[in-house]
Structure formats: structure tokens, C-alpha cells
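Next comes query.tsv, a file with TSV, C-alpha atoms.
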chain	number	residue	atom	x	y	z
K	514	MET	CA	10.67	15.75	7.90
K	515	VAL	CA	8.50	12.73	8.67
K	516	LYS	CA	10.13	10.11	10.90
K	517	LEU	CA	9.75	6.53	9.69
K	518	ALA	CA	10.59	3.23	11.42
K	519	LEU	CA	10.91	0.05	9.34
K	520	LEU	CA	10.46	-3.51	10.60
K	521	GLY	CA	10.85	-6.36	8.13
K	522	ASP	CA	13.21	-9.03	6.84
K	523	THR	CA	14.09	-7.16	3.64
K	524	TYR	CA	13.97	-3.48	4.63
K	525	PRO	CA	17.63	-3.19	5.79
K	526	SER	CA	18.97	-4.71	2.55
K	527	GLN	CA	16.56	-2.60	0.47
K	528	LEU	CA	17.85	0.57	2.13
K	529	GLN	CA	21.41	-0.52	1.52
K	530	ALA	CA	20.70	-1.18	-2.15
K	531	ASN	CA	18.62	1.98	-2.70
K	532	PRO	CA	19.53	4.57	-0.03
K	533	ARG	CA	17.90	7.47	-1.91
K	534	ALA	CA	14.47	5.89	-2.31
K	535	LEU	CA	13.13	7.45	0.95
K	536	ARG	CA	15.05	10.69	0.47
K	537	ASP	CA	12.36	13.02	1.85
K	538	LEU	CA	11.66	10.81	4.89
K	539	GLU	CA	13.83	10.41	7.98
K	540	VAL	CA	14.39	6.71	8.61
K	541	VAL	CA	15.03	6.60	12.36
K	542	TRP	CA	15.20	2.79	12.62
K	543	ALA	CA	15.32	-0.19	10.29
K	544	GLY	CA	15.69	-3.78	11.41
K	545	THR	CA	14.38	-7.32	11.43
K	546	SER	CA	13.90	-8.00	15.15
K	547	LEU	CA	10.55	-7.31	16.81
K	548	GLU	CA	12.22	-7.42	20.23
K	549	ALA	CA	14.78	-4.79	19.21
K	550	PHE	CA	12.00	-2.70	17.65
K	551	ARG	CA	10.06	-2.71	20.92
K	552	ALA	CA	13.15	-1.81	22.93
K	553	GLU	CA	14.62	0.90	20.71
K	554	VAL	CA	11.95	2.55	18.60
K	555	PRO	CA	9.65	4.23	21.20
K	556	ALA	CA	12.43	6.63	22.23
K	557	LEU	CA	12.90	7.67	18.59
K	558	GLN	CA	9.29	8.92	18.30
K	559	PRO	CA	8.52	7.89	14.71
K	560	GLN	CA	5.41	9.26	13.05
K	561	VAL	CA	4.88	6.32	10.69
K	562	LEU	CA	5.63	2.61	11.10
K	563	ALA	CA	6.25	0.33	8.12
K	564	LEU	CA	5.74	-3.26	9.27
K	565	ASP	CA	6.34	-6.16	6.89
K	566	PHE	CA	5.09	-9.66	7.74
K	567	VAL	CA	5.11	-12.87	5.75
K	568	ASP	CA	1.85	-14.33	7.13
K	569	LEU	CA	-0.76	-12.10	8.77
K	570	GLY	CA	-2.38	-15.21	10.21
K	571	LYS	CA	0.61	-15.60	12.54
K	572	VAL	CA	0.52	-11.98	13.72
K	573	PRO	CA	-1.40	-11.36	16.98
K	574	GLU	CA	-4.32	-9.05	16.30
K	575	ARG	CA	-3.26	-6.58	18.99
K	576	LEU	CA	0.38	-6.39	17.84
K	577	VAL	CA	0.01	-3.52	15.38
K	578	PRO	CA	-2.22	-1.35	17.62
K	579	GLY	CA	0.21	-2.11	20.47
K	580	LEU	CA	3.19	-0.93	18.45
K	581	LEU	CA	1.35	2.24	17.49
K	582	SER	CA	0.55	2.89	21.13
K	583	ALA	CA	4.08	2.13	22.36
K	584	THR	CA	5.80	4.33	19.80
K	585	GLY	CA	3.25	7.13	19.62
K	586	ALA	CA	3.19	6.82	15.82
K	587	ALA	CA	0.16	8.16	13.97
K	588	HIS	CA	0.10	5.58	11.17
K	589	ALA	CA	1.15	2.00	10.42
K	590	LEU	CA	1.61	0.63	6.91
K	591	VAL	CA	1.40	-3.16	7.16
K	592	SER	CA	2.59	-5.22	4.20
K	593	TYR	CA	2.13	-8.97	3.91
K	594	ARG	CA	2.56	-11.97	1.59
K	595	LEU	CA	-0.19	-14.20	2.98
K	596	THR	CA	-3.41	-12.54	4.06
K	597	HIS	CA	-5.70	-13.00	7.04
K	598	HIS	CA	-9.14	-11.62	6.30
K	599	GLY	CA	-10.19	-11.34	9.94
K	600	MET	CA	-7.33	-9.00	10.72
K	601	LEU	CA	-7.90	-6.96	7.57
K	602	GLN	CA	-11.54	-6.45	8.50
K	603	ALA	CA	-10.85	-5.77	12.17
K	604	LEU	CA	-7.94	-3.34	11.91
K	605	THR	CA	-8.09	-1.48	8.58
K	606	SER	CA	-8.67	2.16	9.51
K	607	GLN	CA	-7.40	5.67	8.93
K	608	ARG	CA	-4.36	4.80	11.08
K	609	ILE	CA	-3.63	1.27	9.84
K	610	ARG	CA	-3.34	0.42	6.16
K	611	PHE	CA	-2.73	-3.08	4.81
K	612	ILE	CA	-0.83	-3.49	1.53
K	613	GLN	CA	0.09	-6.60	-0.43
K	614	GLY	CA	3.87	-6.93	-0.20
K	615	PRO	CA	6.77	-7.04	-0.55
K	616	LEU	CA	7.00	-3.32	-1.28
K	617	PRO	CA	9.74	-1.56	-3.23
K	618	LEU	CA	10.86	1.46	-1.22
K	619	GLY	CA	9.58	3.87	-3.86
K	620	LEU	CA	6.07	2.47	-3.53
K	621	LEU	CA	6.35	2.49	0.27
K	622	ARG	CA	7.22	6.19	0.06
K	623	THR	CA	4.08	6.80	-2.02
K	624	HIS	CA	1.90	5.05	0.59
K	625	VAL	CA	3.49	7.02	3.45
K	626	HIS	CA	2.71	10.34	1.78
K	627	ARG	CA	-0.81	9.22	0.84
K	628	ALA	CA	-1.58	8.22	4.43
K	629	LEU	CA	-0.33	11.57	5.71
K	630	ASP	CA	-2.27	13.50	3.05
K	631	GLU	CA	-5.49	11.65	3.88
K	632	ALA	CA	-5.02	12.36	7.58
K	633	ARG	CA	-4.50	16.06	6.88
K	634	GLN	CA	-7.63	16.18	4.71
K	635	ALA	CA	-9.67	14.41	7.39
K	636	ARG	CA	-8.50	16.86	10.06
K	637	SER	CA	-9.21	19.87	7.85
K	638	GLN	CA	-12.74	18.60	7.24
K	639	GLY	CA	-13.28	17.75	10.88
K	640	ALA	CA	-13.89	14.12	9.99
K	641	PRO	CA	-13.77	11.55	12.79
K	642	GLU	CA	-11.45	8.61	12.48
K	643	GLY	CA	-13.04	5.75	10.59
K	644	PRO	CA	-12.49	3.47	7.62
K	645	SER	CA	-10.08	4.65	4.95
K	646	ARG	CA	-11.56	6.64	2.10
K	647	GLU	CA	-12.84	4.84	-0.95
K	648	PRO	CA	-10.18	4.29	-3.63
K	649	ARG	CA	-10.27	6.67	-6.56
K	650	PRO	CA	-11.98	5.57	-9.78
K	651	PRO	CA	-9.68	4.23	-12.51
K	652	ARG	CA	-7.48	6.95	-13.99
K	653	PHE	CA	-6.54	5.20	-17.24
K	654	THR	CA	-8.96	4.29	-19.99
K	655	PRO	CA	-8.80	0.86	-21.66
K	656	GLU	CA	-7.52	2.65	-24.77
K	657	GLN	CA	-4.64	4.25	-22.87
K	658	LEU	CA	-3.69	0.93	-21.27
K	659	GLY	CA	-3.89	-0.75	-24.66
K	660	ARG	CA	-1.43	1.74	-26.15
K	661	LEU	CA	0.95	1.27	-23.24
K	662	LEU	CA	0.75	-2.52	-23.62
K	663	GLU	CA	2.03	-2.17	-27.19
K	664	ARG	CA	4.62	0.51	-26.52
K	665	VAL	CA	8.06	-0.43	-27.86
K	666	ALA	CA	10.82	0.44	-25.40
K	667	THR	CA	13.80	2.47	-26.63
K	668	VAL	CA	15.94	0.97	-23.87
K	669	LYS	CA	15.75	-2.34	-22.02
K	670	CYS	CA	12.84	-1.20	-19.86
K	671	GLU	CA	9.34	-2.54	-20.36
K	672	CYS	CA	7.95	-1.20	-17.09
K	673	PRO	CA	5.09	0.73	-18.79
K	674	ASN	CA	4.01	-2.47	-20.55
K	675	HIS	CA	4.12	-4.55	-17.36
K	676	LEU	CA	2.33	-1.92	-15.26
K	677	ALA	CA	-0.39	-1.53	-17.90
K	678	GLN	CA	-0.86	-5.31	-17.86
K	679	LEU	CA	-1.05	-5.41	-14.05
K	680	ILE	CA	-3.55	-2.54	-13.90
K	681	SER	CA	-5.73	-4.12	-16.60
K	682	GLY	CA	-5.82	-7.37	-14.64
K	683	LEU	CA	-6.61	-5.64	-11.37
K	684	ARG	CA	-9.43	-3.65	-12.98
K	685	ALA	CA	-10.89	-6.85	-14.39
K	686	PHE	CA	-10.89	-8.57	-11.00
K	687	GLU	CA	-12.16	-5.40	-9.31
K	688	GLU	CA	-15.24	-5.53	-11.55
K	689	TYR	CA	-15.58	-9.29	-11.20
K	690	SER	CA	-15.48	-9.26	-7.38
K	691	LYS	CA	-18.08	-6.48	-7.26
K	692	ASP	CA	-20.64	-8.61	-9.10
K	693	CYS	CA	-19.59	-12.09	-7.92
K	694	GLU	CA	-22.46	-14.25	-6.69
K	695	SER	CA	-22.72	-14.63	-2.91
K	696	ARG	CA	-24.41	-17.43	-0.99
K	697	ASP	CA	-24.96	-15.48	2.22
K	698	GLU	CA	-24.00	-12.37	4.17
K	699	LYS	CA	-20.58	-13.80	5.02
K	700	ASP	CA	-19.87	-14.26	1.31
K	701	GLN	CA	-21.01	-10.70	0.64
K	702	ARG	CA	-18.57	-9.33	3.23
K	703	MET	CA	-15.75	-11.37	1.73
K	704	HIS	CA	-16.44	-10.17	-1.80
K	705	ALA	CA	-16.68	-6.58	-0.55
K	706	LEU	CA	-13.27	-6.99	1.07
K	707	LEU	CA	-11.77	-8.48	-2.11
K	708	HIS	CA	-13.28	-5.67	-4.18
K	709	ARG	CA	-11.87	-2.96	-1.94
K	710	GLN	CA	-8.40	-4.48	-1.57
K	711	THR	CA	-8.15	-4.95	-5.33
K	712	ALA	CA	-9.19	-1.33	-5.86
K	713	VAL	CA	-6.53	-0.19	-3.38
K	714	ALA	CA	-3.90	-2.25	-5.22
K	715	ARG	CA	-5.07	-0.89	-8.58
K	716	GLU	CA	-4.84	2.68	-7.28
K	717	ALA	CA	-1.32	2.08	-5.97
K	718	MET	CA	-0.20	0.66	-9.33
K	719	GLU	CA	-1.76	3.65	-11.09
K	720	ASP	CA	0.26	5.95	-8.82
K	721	GLY	CA	3.39	4.09	-9.88
K	722	LEU	CA	2.49	4.22	-13.58
K	723	LEU	CA	1.72	7.95	-13.43
K	724	ALA	CA	5.08	8.61	-11.77
K	725	LEU	CA	6.86	6.49	-14.38
K	726	LEU	CA	5.13	8.18	-17.31
K	727	GLU	CA	6.04	11.59	-15.92
K	728	HIS	CA	9.63	10.47	-15.36
K	729	GLU	CA	9.95	9.12	-18.90
K	730	ASN	CA	7.89	11.94	-20.46
K	731	ILE	CA	5.46	9.42	-21.98
K	732	GLN	CA	1.93	10.37	-23.03
K	733	PRO	CA	-0.52	7.51	-22.34
What would the structure in this file look like if it were written as C-alpha cells?
Amino acid sequence: MVKLALLGDTYPSQLQANPRALRDLEVVWAGTSLEAFRAEVPALQPQVLALDFVDLGKVPERLVPGLLSATGAAHALVSYRLTHHGMLQALTSQRIRFIQGPLPLGLLRTHVHRALDEARQARSQGAPEGPSREPRPPRFTPEQLGRLLERVATVKCECPNHLAQLISGLRAFEEYSKDCESRDEKDQRMHALLHRQTAVAREAMEDGLLALLEHENIQP
């Protein structure tokens, strides 16, 4: 079982409210104190770190690599509310993945397994460590999303409608950022970053929608 350590203001309360969400992962530590994390977690030998920050701009650039090194973990999933493009560009790699937060534990679990699967695939192909793979192409057609937008819930749950709306919006901005006009090379890099991060978010939401449709036995 994969060992997971959680650092963030909301993770302890999330675990208390939903203790089964990470059922196939071993949570070896969960807390809000960076000092306690540094003191206690290395001895627990986690394989994956989930680190939640409010503002990436206030996080030292070497903090995440330092925590990986100190704990011996293979991967870090870093969620955030406010972004810092320099850190995203400098640190995003096969070992460090940035995700717009806050994350429900079910979605965190999906990202943990995806990171591990990608690492296994890279090792099996003999690929050197480098930037994360390109996000998958969209998996829902506009027609499928349109039907889900209009689906009438039989209970008080409109999650398929909301997820279809989110995915449609993300796809629209994904296309927009790809073709947005740039003044110079710096602009081009920024738009490339926005395009990729939007595609990553869209893929994550599609993962959630697929899981929900399977759970509810809904055909898109």
C-alpha cells in the first residue's frame, strides 16, 4: 500500500469528515505544521507527499524539492489557491505536480494514482525524468456534454450538470489560450503555461466525471 503524507490547513478535517476517501492509501501523517512535518515525517518514509498552500508566491522555491529529499518520497502533489508562474515553470516535473486547490480527497486520490501510473510507465519505457506527459485529448464530445448539462436529476444531485459545465468552460479556455495573441516570447511562454495547466485541470475534471457516471450508471 502506498504511503501518503498530507500537509495542509484542511487535510486533517477532511480526513475526519471523510475517512474512507483514501481507503487504498496508507496515510502515515496528516497535519498543518511545516515544522512538525519536517521533524516527524522523514522517519515514516512516505512515497507521496500532498502539500497544500494558499499562495505559491510565499513558498520558497527550494521547499518542495527539500521536502522530497528529506523524506525520500518519490512524488509531491502541490495544490494551491494563488499561483506563482515562476515556480510552476521551474519545478513542474515527473516528480512534482501542481494542481489548483483546494482538493477533495477523492480527487487527490485520483492524482496520487495517476502520478504513480505515469512513473511506472516511464520506467517501463526507459524514459528519463523530464516534464510531465501531455494531457490526454478531450474525452467527451460537445454533444455528450450538452446532454449532461440538460440531465434532470432523480435525486438532489446535479453533479453531472455542474461537471459538464466546468469541463465545457475549461475546454473553451484551453482552446482560447492556445491561439491567444502574444506580444513576445515571454507572452508565448505564459500562454503555453496557461494552456497546459487548463488542459491538466480539464483532464482531472474528466476523470471525476467518468467516475461519477460509472458510479451512477449514466450513459453520456
Please provide the set of residues having any atom within 9 Å of K:Arg551, restricted to only C-alpha atoms, with same-chain residues fewer than 6 positions apart removed, written as an MDAnalysis selection string.
-> chainID K and resid 580 583:584
Non-local contacts of K:Met600 (10 Å; all atoms listed in the file; under 3 positions in same chain excluded) as a ChimeraX atom specification = /K:569-570,572-575,596-597,603-605,611
K:Val515 environment, 9 Å, all atoms listed in the file, sequence neighbours closer than 3 positions dropped, as a VMD selection string | chain K and resid 537 to 540 559 to 561
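Closest approach to K:Lys691 among K:Ala714, K:Leu616, K:Ala705, K:Ala586: K:Ala705, based on all atoms listed in the file.
Interatomic distance, atom CA of K:Phe686 against atom CA of K:Ser592: 20.6 Å.
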Near-K:His626 list (12 Å; all atoms listed in the file; drop same-chain fewer than 2 positions) as JSON, numbers by chain | {"K": [514, 515, 516, 517, 535, 537, 538, 560, 561, 588, 590, 619, 620, 621, 622, 623, 624, 628, 629, 630, 631, 632, 633, 720]}
One residue among K:Glu687, K:Gly544, K:Val554, K:Lys699 is nearest to K:Pro525 when using all atoms listed in the file, and that residue is K:Gly544
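Atom to atom, atom CA of K:Ala712 and atom CA of K:His598 stand 15.9 Å apart.
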Pairwise distance for atom CA of K:Glu553 and atom CA of K:Ala518, rounded to one decimal in Å | 10.4 Å
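Proximity to K:Asp692 at 12 Å, evaluated using all atoms listed in the file and with sequence-adjacent residues fewer than 4 positions away removed, yields Ala685, Phe686, Glu687, Glu688, Asp700, Gln701, His704, Ala705, Leu707 and His708 of chain K.
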Export C-alpha atoms of the chosen residues as a PDB file, in the frame of the given file?
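Writing done, so here's selection_38.pdb:
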ATOM      1  CA  ALA K 685     -10.890  -6.850 -14.390  1.00  0.00           C
ATOM      2  CA  PHE K 686     -10.890  -8.570 -11.000  1.00  0.00           C
ATOM      3  CA  GLU K 687     -12.160  -5.400  -9.310  1.00  0.00           C
ATOM      4  CA  GLU K 688     -15.240  -5.530 -11.550  1.00  0.00           C
ATOM      5  CA  ASP K 700     -19.870 -14.260   1.310  1.00  0.00           C
ATOM      6  CA  GLN K 701     -21.010 -10.700   0.640  1.00  0.00           C
ATOM      7  CA  HIS K 704     -16.440 -10.170  -1.800  1.00  0.00           C
ATOM      8  CA  ALA K 705     -16.680  -6.580  -0.550  1.00  0.00           C
ATOM      9  CA  LEU K 707     -11.770  -8.480  -2.110  1.00  0.00           C
ATOM     10  CA  HIS K 708     -13.280  -5.670  -4.180  1.00  0.00           C
TER      11      HIS K 708
END
